[in-house]
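Everything below belongs to coords-v8.cif, which stores mmCIF, C-alpha atoms.
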```cif
data_my_file
loop_
_atom_site.group_PDB
_atom_site.id
_atom_site.type_symbol
_atom_site.label_atom_id
_atom_site.label_comp_id
_atom_site.auth_asym_id
_atom_site.auth_seq_id
_atom_site.Cartn_x
_atom_site.Cartn_y
_atom_site.Cartn_z
ATOM 1 C CA MET Y 1 -3.489 0.296 -0.291
ATOM 2 C CA THR Y 2 -2.188 2.776 2.245
ATOM 3 C CA ASP Y 3 0.755 2.152 4.539
ATOM 4 C CA GLN Y 4 -1.158 0.206 7.178
ATOM 5 C CA THR Y 5 0.329 -1.836 9.964
ATOM 6 C CA VAL Y 6 -0.512 -5.505 9.892
ATOM 7 C CA THR Y 7 -2.746 -5.075 12.929
ATOM 8 C CA ASP Y 8 -4.718 -2.482 10.935
ATOM 9 C CA GLN Y 9 -5.046 -4.987 8.087
ATOM 10 C CA ARG Y 10 -6.352 -7.627 10.463
ATOM 11 C CA ILE Y 11 -8.862 -5.184 11.952
ATOM 12 C CA GLU Y 12 -9.962 -4.082 8.484
ATOM 13 C CA GLY Y 13 -10.257 -7.747 7.472
ATOM 14 C CA ALA Y 14 -12.513 -8.469 10.445
ATOM 15 C CA ARG Y 15 -14.637 -5.424 9.568
ATOM 16 C CA GLU Y 16 -14.967 -6.554 5.938
ATOM 17 C CA LYS Y 17 -15.963 -10.069 7.027
ATOM 18 C CA THR Y 18 -18.694 -8.687 9.270
ATOM 19 C CA VAL Y 19 -20.012 -6.280 6.628
ATOM 20 C CA GLY Y 20 -19.962 -9.050 4.036
ATOM 21 C CA LYS Y 21 -21.886 -11.467 6.237
ATOM 22 C CA ALA Y 22 -24.485 -8.797 6.967
ATOM 23 C CA ARG Y 23 -24.847 -7.908 3.285
ATOM 24 C CA ALA Y 24 -25.175 -11.576 2.293
ATOM 25 C CA ALA Y 25 -27.848 -12.087 4.965
ATOM 26 C CA LEU Y 26 -29.721 -9.012 3.743
ATOM 27 C CA GLY Y 27 -29.575 -10.363 0.206
ATOM 28 C CA ARG Y 28 -30.984 -13.699 1.383
ATOM 29 C CA LEU Y 29 -33.796 -11.990 3.301
ATOM 30 C CA THR Y 30 -34.795 -9.737 0.424
ATOM 31 C CA GLY Y 31 -34.225 -12.314 -2.302
ATOM 32 C CA ASP Y 32 -31.662 -10.021 -3.958
ATOM 33 C CA ARG Y 33 -29.100 -12.407 -5.433
ATOM 34 C CA LYS Y 34 -26.714 -9.601 -6.437
ATOM 35 C CA THR Y 35 -26.524 -8.215 -2.876
ATOM 36 C CA GLN Y 36 -26.023 -11.727 -1.556
ATOM 37 C CA VAL Y 37 -23.114 -12.413 -3.938
ATOM 38 C CA GLU Y 38 -21.537 -9.016 -3.223
ATOM 39 C CA GLY Y 39 -21.782 -9.793 0.480
ATOM 40 C CA HIS Y 40 -20.013 -13.104 0.045
ATOM 41 C CA LEU Y 41 -17.266 -11.427 -2.010
ATOM 42 C CA THR Y 42 -16.755 -8.791 0.682
ATOM 43 C CA GLU Y 43 -16.670 -11.478 3.361
ATOM 44 C CA TYR Y 44 -14.014 -13.489 1.508
ATOM 45 C CA SER Y 45 -12.003 -10.351 0.858
ATOM 46 C CA GLY Y 46 -11.998 -9.700 4.593
ATOM 47 C CA LYS Y 47 -10.938 -13.269 5.312
ATOM 48 C CA ALA Y 48 -8.049 -12.938 2.867
ATOM 49 C CA ARG Y 49 -6.903 -9.637 4.379
ATOM 50 C CA ASP Y 50 -7.044 -11.094 7.888
ATOM 51 C CA ALA Y 51 -5.107 -14.193 6.805
ATOM 52 C CA TYR Y 52 -2.464 -12.022 5.123
ATOM 53 C CA GLY Y 53 -2.035 -10.035 8.342
ATOM 54 C CA ARG Y 54 -1.683 -13.231 10.366
ATOM 55 C CA VAL Y 55 0.998 -14.572 8.012
ATOM 56 C CA ILE Y 56 3.034 -11.370 8.174
ATOM 57 C CA ASP Y 57 2.699 -11.317 11.979
ATOM 58 C CA GLY Y 58 4.003 -14.885 12.095
ATOM 59 C CA LEU Y 59 6.898 -14.060 9.811
ATOM 60 C CA ASP Y 60 7.814 -11.127 12.053
ATOM 61 C CA GLY Y 61 8.436 -13.615 14.846
ATOM 62 C CA LEU Y 62 10.588 -15.780 12.596
ATOM 63 C CA VAL Y 63 12.766 -12.814 11.626
ATOM 64 C CA GLU Y 64 13.637 -12.307 15.277
ATOM 65 C CA LYS Y 65 14.756 -15.956 15.502
ATOM 66 C CA ALA Y 66 16.833 -15.837 12.303
ATOM 67 C CA PRO Y 67 20.636 -15.690 12.488
ATOM 68 C CA THR Y 68 21.820 -12.108 12.913
ATOM 69 C CA GLN Y 69 23.466 -11.913 9.483
ATOM 70 C CA TYR Y 70 20.124 -12.689 7.773
ATOM 71 C CA GLN Y 71 17.821 -10.495 9.850
ATOM 72 C CA GLY Y 72 18.442 -7.334 7.785
ATOM 73 C CA LYS Y 73 17.492 -9.010 4.478
ATOM 74 C CA ALA Y 74 14.512 -10.731 6.093
ATOM 75 C CA ARG Y 75 13.257 -7.385 7.413
ATOM 76 C CA GLN Y 76 13.631 -5.884 3.929
ATOM 77 C CA GLY Y 77 11.534 -8.723 2.518
ATOM 78 C CA LEU Y 78 8.821 -8.179 5.132
ATOM 79 C CA ASP Y 79 8.814 -4.426 4.492
ATOM 80 C CA PHE Y 80 8.307 -5.148 0.787
ATOM 81 C CA ALA Y 81 5.462 -7.543 1.616
ATOM 82 C CA ARG Y 82 3.787 -4.859 3.723
ATOM 83 C CA ARG Y 83 4.087 -2.231 0.986
ATOM 84 C CA LYS Y 84 2.986 -4.520 -1.878
ATOM 85 C CA PRO Y 85 0.638 -7.183 -0.500
ATOM 86 C CA LEU Y 86 -0.998 -8.078 -3.825
ATOM 87 C CA LEU Y 87 2.319 -8.483 -5.622
ATOM 88 C CA THR Y 88 3.674 -10.558 -2.745
ATOM 89 C CA THR Y 89 0.607 -12.792 -2.787
ATOM 90 C CA GLY Y 90 0.942 -13.230 -6.563
ATOM 91 C CA VAL Y 91 4.619 -14.160 -6.308
ATOM 92 C CA ILE Y 92 3.913 -16.695 -3.556
ATOM 93 C CA ALA Y 93 1.009 -18.192 -5.515
ATOM 94 C CA GLY Y 94 3.205 -18.463 -8.611
ATOM 95 C CA LEU Y 95 5.930 -20.219 -6.633
ATOM 96 C CA ALA Y 96 3.375 -22.611 -5.159
ATOM 97 C CA VAL Y 97 2.087 -23.530 -8.628
ATOM 98 C CA LEU Y 98 5.646 -23.988 -9.902
ATOM 99 C CA LEU Y 99 6.682 -26.159 -6.973
ATOM 100 C CA GLY Y 100 3.468 -28.186 -7.275
ATOM 101 C CA ALA Y 101 4.160 -28.815 -10.962
ATOM 102 C CA LEU Y 102 7.739 -29.833 -10.233
ATOM 103 C CA GLY Y 103 6.546 -32.217 -7.523
ATOM 104 C CA ARG Y 104 4.169 -34.001 -9.911
ATOM 105 C CA ARG Y 105 6.913 -34.726 -12.421
ATOM 106 C CA ARG Y 106 8.728 -37.041 -10.060
#
```
As structure tokens, what does this structure read like?
Amino acid sequence: MTDQTVTDQRIEGAREKTVGKARAALGRLTGDRKTQVEGHLTEYSGKARDAYGRVIDGLDGLVEKAPTQYQGKARQGLDFARRKPLLTTGVIAGLAVLLGALGRRR
């Protein structure tokens, strides 16, 4: 992925959602199951990209509210998340699974 701002990611996500919905509808109209499935995949990809952009935007606001001594490290973390969105998502998903497993043991 290129070095896009989060707003660009949200715009691209909205575009992908629209294209995906249109492709899925075309697949339904023509009876082409493959086009329909590809459309749904594109739509969900767009939803994920938009959600990622919204999360990063929200975290930007939290960085501003953080104590001054932590703002530099928080900004570094957000910069990393912007440069490597898939890796960041994987790390967060892994932590969620780990914390969920730890919570069930109790």
In Å to one decimal, how far is atom CA of Y:Val37 from atom CA of Y:Ala25?
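Going from atom CA of Y:Ala25 over to atom CA of Y:Val37, I get 10.1 Å.
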Which of these, Y:Asp57, Y:Asp50, Y:Glu64, Y:Asp79, has the shortest distance to Y:Ile11 once you count only C-alpha atoms?
Y:Asp50
Give me, please, the distance in Å between atom CA of Y:Gln71 and atom CA of Y:Gly58, quoted to one decimal.
14.7 Å
When you count only C-alpha atoms, which of these residues is closest to Y:Arg15: Y:Gly39, Y:Gly46, Y:Gly61, Y:Pro67?
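Smallest distance to Y:Arg15 is found for Y:Gly46.
Using all atoms listed in the file, the residues found no farther than 10 Å from Y:Arg23, other than those of its own chain fewer than 5 positions away, are Lys17, Thr18, Arg28, Leu29, Thr35, Gln36, Val37, Glu38, Gly39, His40, Leu41, Thr42 and Glu43 of chain Y.
A straight line drawn from atom CA of Y:Arg10 to atom CA of Y:Pro85 is 13.0 Å long.
Applied to the file shown here, the PyMOL selection byres ((chain Y and resi 75) around 12) selects the residues Ile56, Leu59, Asp60, Gly61, Leu62, Val63, Glu64, Lys65, Ala66, Thr68, Gln69, Tyr70, Gln71, Gly72, Lys73, Ala74, Gln76, Gly77, Leu78, Asp79, Phe80, Ala81 and Arg82 of chain Y.
The closest residue to Y:Thr89, picked from Y:Leu102, Y:Val55, Y:Leu26, Y:Val19 and counting all atoms listed in the file, is Y:Val55.
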Tell me which of Y:Thr7, Y:Gly13, Y:Ala48, Y:Gly20 sits closest to Y:Leu86, counting all atoms listed in the file.
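Ranked by minimum distance to Y:Leu86, first place goes to Y:Ala48.
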Selected residue, from Y:Arg104, Y:Ala96, Y:Ser45, Y:Tyr52, that lies nearest to Y:Lys84 when counting only C-alpha atoms:
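So, comparing all the options, the nearest one is Y:Tyr52.
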For Y:Ala14, which residue out of Y:Arg54, Y:Asp32, Y:Gly27, Y:Val91 is the nearest one, using only C-alpha atoms?
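The closest residue to Y:Ala14 is Y:Arg54.
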